[in-house]
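First up is the structure itself, then whatever we jot down about it.
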Amino acid sequence: MKPLRLLCLLAALLLPLAACGGGGRGGPEEVTLTLDWYPNADHAGVYLARERGYFREAGLRVRIRQPSDPASVLQLVAAGRSEFGISYENEVLNAAARDIPVLSVMAIMQHPLNSIIALEKSGIDSPKDLAGKKVGYAGQSFGTAAIDTVLRKAGKDPSSVEKINVGYDLRPALTSGRVDAVVDAYWNIEAVELAQEGFETTVIRLNEVGVPNYNELVVATGKAYARENPEAVRRFVRALVRGHEYALRHPRAARDALLEANPELDPETVEKTLELTVPLFRDPGEAVGYQDPEEWRRYVRWAVENRVLPRPVEVEEVMTNRYLPEEG
């Protein structure tokens, strides 16, 4: 066979192989990241990673989508319908307790954002003032457990509070007077939005009044996906870390990327929420994305004691820092 014909034959054989698969030399690997909610200040690092080209440099084409049901994010991840999802430490642990195979690979928020918020006119200035009041929660066991913990820490009987399941209608329940305070609301988001609407509030941060510290937002992937695609997970996590690090250095760029992703957001509200949120991307003394195993263990103990978790969970089975950059 002549050399030219041989080269043509080899090219014909190799071309279909190059076109197969989403990654490698054939082009960027396509993955999906499902958010926990609509795009907001908590996701600034995600959109910066896309806008700055960090995902592309990592050989990834990332599709970012909002969930139709925030409660379904981890199910999508475990089923392989979304390679990555933003969720909550508490949800990851509950998934593990129900044998849903997910793995937290990075913390976005290393401290709680969840808080108790009351209107100033309610007269609630501290946890002890909750006694005798109506407190709304989003319907999950975490909210009621947090209220009980805060009250016990303040020396009050948890039964002195009427707990009302208001679902996701936290702000309307509060501003309409249906409840005197709400838990499960974020002090960096809902408190700012209430202020923008003209409501003066009192904010009680949970980790300052008895609830153990935990990672509010984490990035999760399916255990099967992580096992079969460790390098893709590592590249994805490192691109996300770069996005969050850039947000810390350039908060104005974070604002622009977020408004581009969600033009319906109010620019003034975005500005204020980012001022509160971006500094939280790195805990002093820790790397961006780091998850403290001992803090997770303390949270598991509290969650089991307060029936937020049905059973203990081995932390090392549900979270890891192995995909972070070397300095992490």
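Chain labels A, B, ... are given in the sequence in which chains occur in the structure tokens; within each chain residues are numbered consecutively from 1, and ligands are likewise numbered from 1 in the order shown.
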Select from range 55-184 of chain A everything DSSP, run on the backbone, classes as helix (DSSP H, G or I), then give the selection as an MDAnalysis selection string.
-> chainID A and resid 55:57 70:78 89:97 120:122 127:130 141:153 158:160 170:175
For Pro70 in chain A, work out the shell of residues within 9 Å, counting only C-alpha atoms and skipping chain neighbours fewer than 4 positions away, then give it as a PyMOL selection string.
-> chain A and resi 35-37+66+74+87
Once DSSP has gone over the backbone, tell me which residues of range 129-238 of chain A are in strand (DSSP E or B), as a list in words.
-> Lys134, Val135, Gly136, Tyr137, Glu162, Lys163, Ile164, Asn165, Ala181, Val182, Val183, Asp184, Ala185, Tyr186, Thr201, Thr202, Val203, Ile204, Arg205, Leu217, Val218, Val219, Ala220, Thr221 and Gly222 of chain A
Residues within 10 Å of Glu190 in chain A, only C-alpha atoms, excluding chain neighbours under 5 positions, as a VMD selection string = chain A and resid 114 to 115 117 170 to 171 184 to 185 195 to 196 273
Pro310 in chain A surroundings by only C-alpha atoms, 12 Å radius, close-in-sequence under 4 positions cut, as a PyMOL selection string = chain A and resi 90+93-99+141-142+300-306
Rank nothing, just name the residue among A:Leu276, A:Ala138, A:Leu33, A:Ile124 nearest to Phe55 in chain A, using only C-alpha atoms.
-> A:Leu33
For CA of Asp125 in chain A and CA of Asp283 in chain A, the interatomic separation in Å (one decimal) | 27.4 Å
Using only C-alpha atoms, which residues sit within 6 Å of range 101-105 of chain A once same-chain residues fewer than 4 positions away are excluded, as a list in words?
->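 The residues satisfying every condition are Ala78, Val219, Ala220, Thr221, Gly222, Lys223, Val318, Met319 and Thr320 of chain A.
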Written file, previous selection with C-alpha atoms, as a compact mmCIF listing (two decimals), in the first residue's frame:
```txt
# COMPACT_ATOMS: atom_id res chain seq x y z
CA ALA A 78 -27.30 10.90 42.29
CA VAL A 219 -21.11 21.50 45.67
CA ALA A 220 -22.15 17.87 45.35
CA THR A 221 -21.65 15.20 42.73
CA GLY A 222 -22.74 11.60 42.43
CA LYS A 223 -20.42 9.02 43.94
CA VAL A 318 -20.15 12.08 52.28
CA MET A 319 -17.55 14.86 51.99
CA THR A 320 -13.99 15.24 50.77
```
Any idea what the distance is between CA of Val288 in chain A and CA of Val241 in chain A?
->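 About the pair CA of Val288 in chain A and CA of Val241 in chain A: they are 6.2 Å apart.
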Distance query Ala287 in chain A at most 12 Å, only C-alpha atoms, self and fewer than 3 positions along chain excluded, as an MDAnalysis selection string = chainID A and resid 106:110 238 241:242 244:245 280:284 290:292 321 324:328
Suppose you want the space between CA of Thr202 in chain A and CA of Val161 in chain A; what is it in Å?
->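 Between these atoms lies a distance of 17.5 Å.
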Please provide as a list of chain:residue names all residues within 12 Å of Arg56 in chain A, with the sequence filter that same-chain residues fewer than 2 positions apart are discarded (counting only C-alpha atoms).
->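 Contacts, with the query itself left out: A:Gly23, A:Gly27, A:Pro28, A:Glu29, A:Glu30, A:Val31, A:Leu48, A:Ala49, A:Arg50, A:Glu51, A:Arg52, A:Gly53, A:Tyr54, A:Ala58, A:Gly59, A:Leu60, A:Arg61, A:Val62, A:Arg63, A:Arg235, A:Phe236, A:Arg238, A:Ala239, A:Leu240.
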